[in-house]
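What's in entry-v2.txt: compact mmCIF, C-alpha atoms and all ligand atoms
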```
# COMPACT_ATOMS: atom_id res chain seq x y z
CA MET A 1 -7.35 11.52 15.78
CA ARG A 2 -8.47 10.08 12.46
CA SER A 3 -6.26 7.63 10.59
CA ASN A 4 -4.24 8.76 7.62
CA ILE A 5 -5.47 6.35 4.94
CA ILE A 6 -3.05 5.58 2.11
CA ALA A 7 -3.91 3.40 -0.89
CA ILE A 8 -0.90 1.70 -2.48
CA CYS A 9 -1.77 1.43 -6.16
CA ASN A 10 -0.31 0.52 -9.51
CA GLN A 11 -2.24 -1.57 -12.04
CA LYS A 12 1.08 -2.97 -13.24
CA GLY A 13 1.86 -6.26 -11.50
CA GLY A 14 4.99 -7.01 -9.51
CA VAL A 15 6.21 -3.43 -9.02
CA GLY A 16 6.56 -3.62 -5.22
CA LYS A 17 3.10 -2.61 -3.91
CA THR A 18 2.86 -5.39 -1.35
CA THR A 19 6.56 -5.21 -0.44
CA THR A 20 6.14 -1.48 0.20
CA ALA A 21 2.91 -1.98 2.18
CA ILE A 22 4.50 -4.52 4.52
CA ASN A 23 7.88 -2.90 4.97
CA LEU A 24 6.83 0.73 5.17
CA ALA A 25 4.14 -0.30 7.66
CA ALA A 26 6.66 -2.25 9.75
CA ALA A 27 9.13 0.66 9.66
CA LEU A 28 6.43 3.09 10.85
CA ALA A 29 5.26 0.61 13.50
CA ALA A 30 8.85 0.50 14.81
CA THR A 31 8.62 4.26 15.50
CA GLY A 32 5.63 3.63 17.78
CA LYS A 33 2.87 4.50 15.30
CA LYS A 34 -0.13 2.18 15.22
CA ILE A 35 -0.53 0.72 11.75
CA LEU A 36 -3.21 -1.30 9.97
CA ILE A 37 -2.73 -2.94 6.58
CA ILE A 38 -5.85 -3.85 4.63
CA ASP A 39 -4.97 -6.65 2.23
CA LEU A 40 -7.31 -5.76 -0.65
CA ASP A 41 -5.78 -8.22 -3.11
CA PRO A 42 -7.36 -11.69 -3.61
CA GLN A 43 -3.79 -13.01 -4.02
CA GLY A 44 -3.37 -12.40 -0.28
CA ASN A 45 0.36 -11.64 -0.58
CA ALA A 46 0.37 -9.06 2.23
CA SER A 47 -1.30 -11.59 4.55
CA THR A 48 1.33 -14.21 3.65
CA GLY A 49 4.19 -11.73 4.01
CA LEU A 50 2.96 -10.90 7.51
CA GLY A 51 2.89 -14.55 8.51
CA ILE A 52 -0.90 -15.04 8.61
CA ASP A 53 -1.72 -18.73 8.06
CA TYR A 54 -4.42 -19.61 5.53
CA VAL A 55 -6.55 -21.11 8.32
CA ASP A 56 -6.51 -17.72 10.06
CA ARG A 57 -7.91 -15.82 7.10
CA ASN A 58 -11.61 -16.55 7.62
CA LYS A 59 -12.28 -13.12 9.09
CA SER A 60 -11.11 -11.46 5.92
CA ILE A 61 -11.78 -8.23 4.06
CA TYR A 62 -14.16 -10.26 1.87
CA GLU A 63 -16.45 -10.96 4.86
CA VAL A 64 -16.24 -7.28 5.81
CA LEU A 65 -17.26 -6.08 2.33
CA ALA A 66 -19.98 -8.74 2.19
CA LYS A 67 -21.17 -7.38 5.60
CA SER A 68 -21.06 -10.74 7.37
CA ILE A 69 -18.64 -9.33 9.99
CA THR A 70 -17.74 -5.81 11.09
CA PHE A 71 -14.57 -4.00 10.08
CA ASP A 72 -13.21 -4.02 13.65
CA GLU A 73 -13.90 -7.77 14.04
CA SER A 74 -11.60 -8.52 11.10
CA VAL A 75 -8.57 -6.65 12.47
CA LYS A 76 -5.86 -9.15 13.34
CA LYS A 77 -2.69 -8.73 15.40
CA THR A 78 0.59 -9.66 13.73
CA ASP A 79 3.79 -10.81 15.49
CA ILE A 80 5.09 -7.25 15.13
CA GLU A 81 4.26 -4.71 17.80
CA ASN A 82 1.85 -1.96 16.63
CA LEU A 83 1.21 -3.73 13.31
CA PHE A 84 -2.22 -5.16 12.48
CA VAL A 85 -3.74 -6.60 9.31
CA ILE A 86 -7.09 -7.36 7.78
CA PRO A 87 -6.28 -10.47 5.78
CA SER A 88 -7.57 -11.43 2.38
CA ASN A 89 -8.30 -14.68 0.66
CA VAL A 90 -9.25 -15.79 -2.82
CA GLU A 91 -12.98 -15.29 -2.11
CA LEU A 92 -12.36 -11.58 -2.54
CA SER A 93 -12.09 -12.12 -6.29
CA GLY A 94 -15.86 -12.78 -6.29
CA ILE A 95 -16.90 -9.59 -4.49
CA GLU A 96 -17.57 -7.39 -7.53
CA PRO A 97 -20.70 -9.17 -8.79
CA GLU A 98 -21.94 -9.41 -5.18
CA LEU A 99 -21.80 -5.63 -4.89
CA ALA A 100 -23.46 -5.12 -8.28
CA ASN A 101 -26.75 -3.99 -6.74
CA GLU A 102 -25.23 -1.55 -4.24
CA SER A 103 -26.03 2.00 -5.29
CA ASP A 104 -22.78 3.50 -4.00
CA LYS A 105 -20.38 0.66 -4.79
CA ALA A 106 -17.30 2.89 -4.75
CA PHE A 107 -18.12 4.07 -1.21
CA VAL A 108 -18.57 0.66 0.41
CA LEU A 109 -15.07 0.45 1.93
CA LYS A 110 -15.00 4.15 2.90
CA LYS A 111 -18.26 3.82 4.85
CA LEU A 112 -17.07 0.69 6.62
CA ILE A 113 -13.81 2.36 7.68
CA ASN A 114 -15.51 5.60 8.71
CA ASN A 115 -18.03 3.75 10.87
CA SER A 116 -15.37 1.62 12.53
CA ASN A 117 -13.58 2.19 15.80
CA SER A 118 -10.30 1.47 13.99
CA ILE A 119 -10.27 4.91 12.37
CA ASN A 120 -9.80 6.40 15.85
CA VAL A 121 -7.14 3.85 16.82
CA PHE A 122 -4.64 3.65 13.96
CA ASP A 123 -2.26 6.41 12.91
CA TYR A 124 -1.98 4.96 9.41
CA ILE A 125 -4.14 2.58 7.41
CA PHE A 126 -2.43 1.23 4.29
CA ILE A 127 -4.52 -0.45 1.60
CA ASP A 128 -2.58 -2.94 -0.53
CA CYS A 129 -4.36 -2.91 -3.91
CA PRO A 130 -4.50 -5.61 -6.59
CA PRO A 131 -2.75 -5.04 -9.94
CA ALA A 132 -5.80 -3.66 -11.75
CA LEU A 133 -7.82 -0.46 -11.97
CA SER A 134 -10.82 -2.48 -10.83
CA LEU A 135 -13.66 -1.72 -8.42
CA LEU A 136 -11.43 -2.82 -5.52
CA THR A 137 -8.82 -0.20 -6.44
CA VAL A 138 -11.48 2.48 -6.96
CA MET A 139 -12.96 1.62 -3.54
CA ALA A 140 -9.49 2.00 -2.00
CA MET A 141 -8.94 5.37 -3.72
CA THR A 142 -12.36 6.55 -2.57
CA ALA A 143 -11.58 5.64 1.04
CA ALA A 144 -8.04 7.08 1.04
CA ASN A 145 -6.51 10.50 1.69
CA SER A 146 -3.72 9.81 -0.75
CA VAL A 147 -2.30 7.34 -3.22
CA LEU A 148 1.22 5.97 -2.93
CA VAL A 149 2.54 4.63 -6.25
CA PRO A 150 5.47 2.21 -6.32
CA LEU A 151 7.24 2.47 -9.66
CA GLN A 152 9.78 -0.14 -10.70
CA CYS A 153 12.98 1.27 -12.18
CA GLU A 154 12.69 -0.42 -15.55
CA PHE A 155 11.92 0.54 -19.13
CA PHE A 156 8.14 0.05 -19.06
CA ALA A 157 7.70 1.78 -15.69
CA LEU A 158 6.12 4.90 -17.12
CA GLU A 159 3.81 3.00 -19.42
CA GLY A 160 0.48 2.82 -17.65
CA LEU A 161 1.33 5.67 -15.28
CA SER A 162 -0.76 8.14 -17.30
CA GLN A 163 -3.73 5.78 -17.08
CA LEU A 164 -3.22 5.52 -13.32
CA ILE A 165 -3.05 9.33 -13.02
CA LYS A 166 -6.27 9.62 -15.06
CA THR A 167 -8.02 7.21 -12.71
CA VAL A 168 -6.85 9.18 -9.66
CA ASP A 169 -8.09 12.40 -11.32
CA ARG A 170 -11.46 10.83 -12.06
CA VAL A 171 -11.86 9.58 -8.48
CA HIS A 172 -10.76 13.00 -7.21
CA LYS A 173 -13.39 14.73 -9.35
CA ASN A 174 -16.32 12.37 -8.85
CA LEU A 175 -15.83 10.46 -5.62
CA ASN A 176 -13.16 11.87 -3.32
CA PRO A 177 -12.09 15.54 -3.46
CA LEU A 178 -9.36 14.83 -0.84
CA LEU A 179 -7.43 12.46 -3.08
CA SER A 180 -4.02 13.13 -4.59
CA ILE A 181 -0.95 11.15 -5.55
CA ASP A 182 1.44 11.51 -2.69
CA GLY A 183 3.78 10.32 -3.90
CA ILE A 184 5.80 8.05 -6.15
CA ILE A 185 8.32 5.63 -4.71
CA LEU A 186 11.02 4.19 -7.00
CA THR A 187 11.51 0.49 -6.27
CA MET A 188 14.01 -2.22 -7.21
CA PHE A 189 16.59 0.41 -8.07
CA ASP A 190 19.92 -1.02 -9.21
CA LYS A 191 22.65 1.59 -9.33
CA ARG A 192 24.95 -0.67 -11.40
CA ASN A 193 22.34 -0.86 -14.12
CA LYS A 194 22.41 2.10 -16.53
CA LEU A 195 18.77 1.68 -17.50
CA SER A 196 17.65 1.69 -13.88
CA THR A 197 19.56 4.95 -13.27
CA GLN A 198 18.18 6.48 -16.48
CA VAL A 199 14.58 5.59 -15.56
CA ALA A 200 15.02 7.03 -12.05
CA MET A 201 16.39 10.28 -13.51
CA ASP A 202 13.56 10.56 -16.06
CA VAL A 203 10.86 9.94 -13.46
CA LYS A 204 12.37 12.54 -11.10
CA LYS A 205 12.66 15.06 -13.93
CA HIS A 206 9.03 14.65 -15.00
CA LEU A 207 7.31 14.19 -11.68
CA GLN A 208 9.65 16.24 -9.50
CA GLU A 209 8.46 16.76 -5.93
CA LYS A 210 5.92 13.95 -6.30
CA VAL A 211 8.83 11.50 -6.18
CA PHE A 212 10.22 10.48 -2.79
CA GLU A 213 13.92 11.19 -2.28
CA THR A 214 14.38 7.69 -0.87
CA MET A 215 14.70 4.97 -3.50
CA ILE A 216 14.28 1.29 -2.63
CA PRO A 217 17.23 -0.73 -3.93
CA ARG A 218 16.91 -4.18 -5.43
CA ASN A 219 17.97 -6.34 -2.49
CA VAL A 220 17.72 -10.09 -2.12
CA ARG A 221 16.91 -9.87 1.62
CA VAL A 222 13.74 -7.92 0.71
CA SER A 223 12.59 -10.74 -1.57
CA GLU A 224 13.48 -13.48 0.94
CA ALA A 225 11.67 -11.99 3.94
CA PRO A 226 8.04 -12.81 2.89
CA SER A 227 8.79 -16.53 2.69
CA PHE A 228 9.54 -16.32 6.42
CA GLY A 229 6.35 -14.31 7.00
CA MET A 230 8.34 -11.30 8.21
CA PRO A 231 8.98 -7.72 7.16
CA VAL A 232 12.60 -7.23 6.10
CA ILE A 233 13.38 -4.99 9.10
CA ILE A 234 12.69 -7.99 11.34
CA TYR A 235 14.31 -10.54 9.02
CA ASP A 236 17.53 -8.56 8.47
CA ARG A 237 17.50 -5.07 9.91
CA LYS A 238 20.97 -4.18 8.62
CA SER A 239 20.19 -5.00 4.99
CA LYS A 240 20.12 -2.23 2.38
CA GLY A 241 16.40 -2.90 1.83
CA SER A 242 15.59 -2.44 5.53
CA GLN A 243 17.58 0.75 5.74
CA ALA A 244 15.75 2.14 2.70
CA TYR A 245 12.29 1.40 4.10
CA LEU A 246 13.28 2.94 7.46
CA LYS A 247 14.44 6.04 5.57
CA LEU A 248 11.19 6.15 3.59
CA ALA A 249 9.20 5.97 6.82
CA ALA A 250 11.20 8.89 8.25
CA GLU A 251 10.61 10.88 5.04
CA ILE A 252 6.85 10.27 5.25
CA LEU A 253 6.68 11.22 8.94
CA LYS A 254 8.57 14.44 8.21
CA LYS A 255 6.28 15.31 5.28
CA ASP A 256 3.17 14.65 7.37
CA LYS A 257 4.48 16.75 10.25
CA SER A 258 5.19 19.76 8.05
CA ARG A 259 1.76 19.35 6.43
CA GLU A 260 0.09 19.33 9.88
CA ALA A 261 2.01 22.48 10.83
CA ALA A 262 0.99 24.28 7.63
N1 LIG B 301 13.46 -4.01 -3.35
C1 LIG B 301 13.33 -5.25 -3.80
N2 LIG B 301 14.39 -6.05 -3.99
C2 LIG B 301 14.26 -7.32 -4.44
N3 LIG B 301 13.09 -7.89 -4.73
C3 LIG B 301 11.98 -7.15 -4.57
C4 LIG B 301 12.02 -5.80 -4.10
N4 LIG B 301 10.77 -5.33 -4.04
C5 LIG B 301 9.97 -6.32 -4.44
N5 LIG B 301 10.67 -7.43 -4.77
C6 LIG B 301 10.16 -8.71 -5.26
O1 LIG B 301 9.47 -8.47 -6.46
C7 LIG B 301 8.30 -9.26 -6.53
C8 LIG B 301 7.08 -8.36 -6.71
O2 LIG B 301 6.94 -7.55 -5.54
P1 LIG B 301 5.51 -7.29 -4.89
O3 LIG B 301 4.80 -8.57 -4.66
O4 LIG B 301 5.73 -6.39 -3.75
O5 LIG B 301 4.82 -6.50 -6.07
P2 LIG B 301 3.27 -6.13 -6.23
O6 LIG B 301 3.23 -4.88 -7.01
O7 LIG B 301 2.57 -6.18 -4.93
O8 LIG B 301 2.77 -7.36 -7.12
P3 LIG B 301 1.23 -7.68 -7.51
O9 LIG B 301 0.92 -6.68 -8.57
O10 LIG B 301 1.25 -9.10 -7.99
O11 LIG B 301 0.41 -7.48 -6.28
C9 LIG B 301 8.25 -10.08 -5.27
O12 LIG B 301 8.80 -11.35 -5.52
C10 LIG B 301 9.13 -9.29 -4.30
O13 LIG B 301 9.74 -10.12 -3.33
MG MG B 302 0.84 -7.23 -4.35
```

The structure given in the file should be rewritten as structure tokens.
Ligand SMILES: Nc1ncnc2c1ncn2[C@@H]1O[C@H](COP(=O)(O)OP(=O)(O)OP(=O)(O)O)[C@@H](O)[C@H]1O
Ligand SMILES: [Mg+2]
Amino acid sequence: MRSNIIAICNQKGGVGKTTTAINLAAALAATGKKILIIDLDPQGNASTGLGIDYVDRNKSIYEVLAKSITFDESVKKTDIENLFVIPSNVELSGIEPELANESDKAFVLKKLINNSNSINVFDYIFIDCPPALSLLTVMAMTAANSVLVPLQCEFFALEGLSQLIKTVDRVHKNLNPLLSIDGIILTMFDKRNKLSTQVAMDVKKHLQEKVFETMIPRNVRVSEAPSFGMPVIIYDRKSKGSQAYLKLAAEILKKDKSREAA
């Protein structure tokens, strides 16, 4: 078995990348799959949302990329069964100049994952990307099999999407022939809001089968959970947000199964 590696990307900030990383991962972990989240954002939101204290973030993805520790050494257990994380801290924001002299900068993360034991252990590895089309995001896309794009149901959602698609195409052509967008997940959907419904319809019309059937509703329990360091399915399993992420996990498992069969 080799892990299915999924980069969660959108250069727009605050669209639900980290929320999707944590909650989709927790929902898949609840089905018995072994999941690793790589927190590749210097903000460290995924680490916080999974309840990792700042003092426990010294074996971070920064140290891994700087080659002071191995990939496997940085993998940390969370309080949730089957769910592991490689934390991040603010030092990661300084990694780009440190890698300036590497010849294959874009491949640094891919090589580290491929040479790790983790790739034989985890069913899924999710990479939570920062809100930029920076080297970190390109490294994630180079290491991944696919890109998952959270798109917020609001007016400016589609702005920037074409630039993101261009970046994925460029990485596909030059760095990673496996890569595709697979797929788009509509987040913070509010069915009482006409604009939200309109945006969801437009996105589905234009991007069709790339868009997951499951939409993530705007739900206050989803936004509260990270302050308790928990995924929403642990914080409030019955909430609309939990149910949506469980449904998304089932949709992904089904898609992957039919792909394996094909
Ligand atoms: N379904 C939802 N319902 C309510 N609030 C949500 C939902 N999804 C995300 N949020 C809230 O929206 C904010 C942005 O979400 P999140 O941090 O996941 O976005 P992001 O794309 O990772 O942001 P960044 O670009 O800064 O990394 C957070 O405060 C989060 O709690
Ligand atoms: Mg984030």

Practice task
Between A:Ile95, A:Leu151, A:Val171, A:Ala262, single out the one closest to Thr187 of chain A, counting only C-alpha atoms.
Solution key: A:Leu151

Handout entry: Within 8 Å of ligand MG 302 (chain B) (only C-alpha atoms and all ligand atoms), residues as a PyMOL selection string
Key = chain A and resi 13-14+16-19+41+43-46+128-131

Handout entry: Which of A:Pro217, A:Pro177, A:Gly241, A:Gly183 sits closest to Lys204 of chain A [using only C-alpha atoms]
Key = A:Gly183

Problem - Counting all atoms listed in the file, the residue of A:Met201, A:Leu24, A:Ala244, A:Ile216 that sits nearest ligand LIG 301 (chain B) - result: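 Among A:Met201, A:Leu24, A:Ala244, A:Ile216, it is A:Ile216 that comes nearest to ligand LIG 301 (chain B).
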
Exercise for the section: Select, from A:Gln198, A:Asn193, A:Thr137, A:Ser242, the residue with the minimum atom-to-atom distance to Ala30 of chain A, counting only C-alpha atoms. Expected result: A:Ser242

Handout entry: Atom pair atom CA of Thr167 of chain A / atom CA of Ile185 of chain A: separation (Å)
Key =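 Interatomic distance here is 18.3 Å.
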
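Here the question is which of A:Glu63, A:Asp123, A:Glu98, A:Glu154 gets nearest to Asp190 of chain A using only C-alpha atoms, and that residue is A:Glu154.
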
Exercise for the section: Rounded to one decimal place, report the atom CA of Ala200 of chain A-atom CA of Ala250 of chain A distance in Å. Expected result: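 Going from atom CA of Ala200 of chain A over to atom CA of Ala250 of chain A covers 20.7 Å.
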
Quick one: residues within 7 Å of Ser74 of chain A, all atoms listed in the file counted, chain neighbours fewer than 3 positions away excluded, as a PDB file with C-alpha atoms, in the coordinates of the input?
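File written: result.pdb
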```pdb
ATOM      1  CA  LYS A  59     -12.280 -13.120   9.090  1.00  0.00           C
ATOM      2  CA  SER A  60     -11.110 -11.460   5.920  1.00  0.00           C
ATOM      3  CA  THR A  70     -17.740  -5.810  11.090  1.00  0.00           C
ATOM      4  CA  PHE A  71     -14.570  -4.000  10.080  1.00  0.00           C
ATOM      5  CA  ILE A  86      -7.090  -7.360   7.780  1.00  0.00           C
TER       6      ILE A  86
END
```

Enclose all atoms of segment 142-149 of chain A listed in the file in an axis-aligned box, grow every side by 5 Å, and hand back centre and edge lengths in Å to one decimal, as JSON.
```
{"center_x": -4.9, "center_y": 7.6, "center_z": -2.3, "size_x": 24.9, "size_y": 15.9, "size_z": 17.9}
```

Exercise for the section: Give the answer as one residue: which of A:Ser227, A:Asn114, A:Ser258, A:Thr197 has the shortest atom-to-atom distance to ligand LIG 301 (chain B), using only C-alpha atoms and all ligand atoms? Expected result: A:Ser227

Handout entry: Computed interatomic separation between atom CA of Cys153 of chain A and atom CA of Val199 of chain A (Å)
Key =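 One can read the atom CA of Cys153 of chain A to atom CA of Val199 of chain A distance as 5.7 Å.
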
Handout entry: Shell of 9 Å around Leu36 of chain A, all atoms listed in the file, local chain residues under 6 positions omitted, as number ranges by chain
Key = A: 25, 75-76, 82-86, 118, 122-127

Dump as a compact mmCIF listing (two decimals), in the coordinates of the input, selection limited to C-alpha atoms:
```
# COMPACT_ATOMS: atom_id res chain seq x y z
CA ALA A 25 4.14 -0.30 7.66
CA VAL A 75 -8.57 -6.65 12.47
CA LYS A 76 -5.86 -9.15 13.34
CA ASN A 82 1.85 -1.96 16.63
CA LEU A 83 1.21 -3.73 13.31
CA PHE A 84 -2.22 -5.16 12.48
CA VAL A 85 -3.74 -6.60 9.31
CA ILE A 86 -7.09 -7.36 7.78
CA SER A 118 -10.30 1.47 13.99
CA PHE A 122 -4.64 3.65 13.96
CA ASP A 123 -2.26 6.41 12.91
CA TYR A 124 -1.98 4.96 9.41
CA ILE A 125 -4.14 2.58 7.41
CA PHE A 126 -2.43 1.23 4.29
CA ILE A 127 -4.52 -0.45 1.60
```

Using only C-alpha atoms, which residues sit within 9 Å of Ile234 of chain A once same-chain residues fewer than 2 positions away are excluded, as a PDB file with C-alpha atoms, keeping the file's coordinate frame?
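Written out: around.pdb:
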```
ATOM      1  CA  ALA A  26       6.660  -2.250   9.750  1.00  0.00           C
ATOM      2  CA  ILE A  80       5.090  -7.250  15.130  1.00  0.00           C
ATOM      3  CA  ALA A 225      11.670 -11.990   3.940  1.00  0.00           C
ATOM      4  CA  MET A 230       8.340 -11.300   8.210  1.00  0.00           C
ATOM      5  CA  PRO A 231       8.980  -7.720   7.160  1.00  0.00           C
ATOM      6  CA  VAL A 232      12.600  -7.230   6.100  1.00  0.00           C
ATOM      7  CA  ASP A 236      17.530  -8.560   8.470  1.00  0.00           C
ATOM      8  CA  ARG A 237      17.500  -5.070   9.910  1.00  0.00           C
ATOM      9  CA  SER A 242      15.590  -2.440   5.530  1.00  0.00           C
TER      10      SER A 242
END
```

Exercise for the section: Mind checking which residues fall within 12 Å of Leu148 of chain A, counting all atoms listed in the file, ignoring those fewer than 6 positions away in the same chain, and posting them as number ranges by chain? Expected result: A: 5-10, 16-18, 20-21, 24, 126-129, 140-141, 164-165, 168, 179-186, 210-212, 248, 252
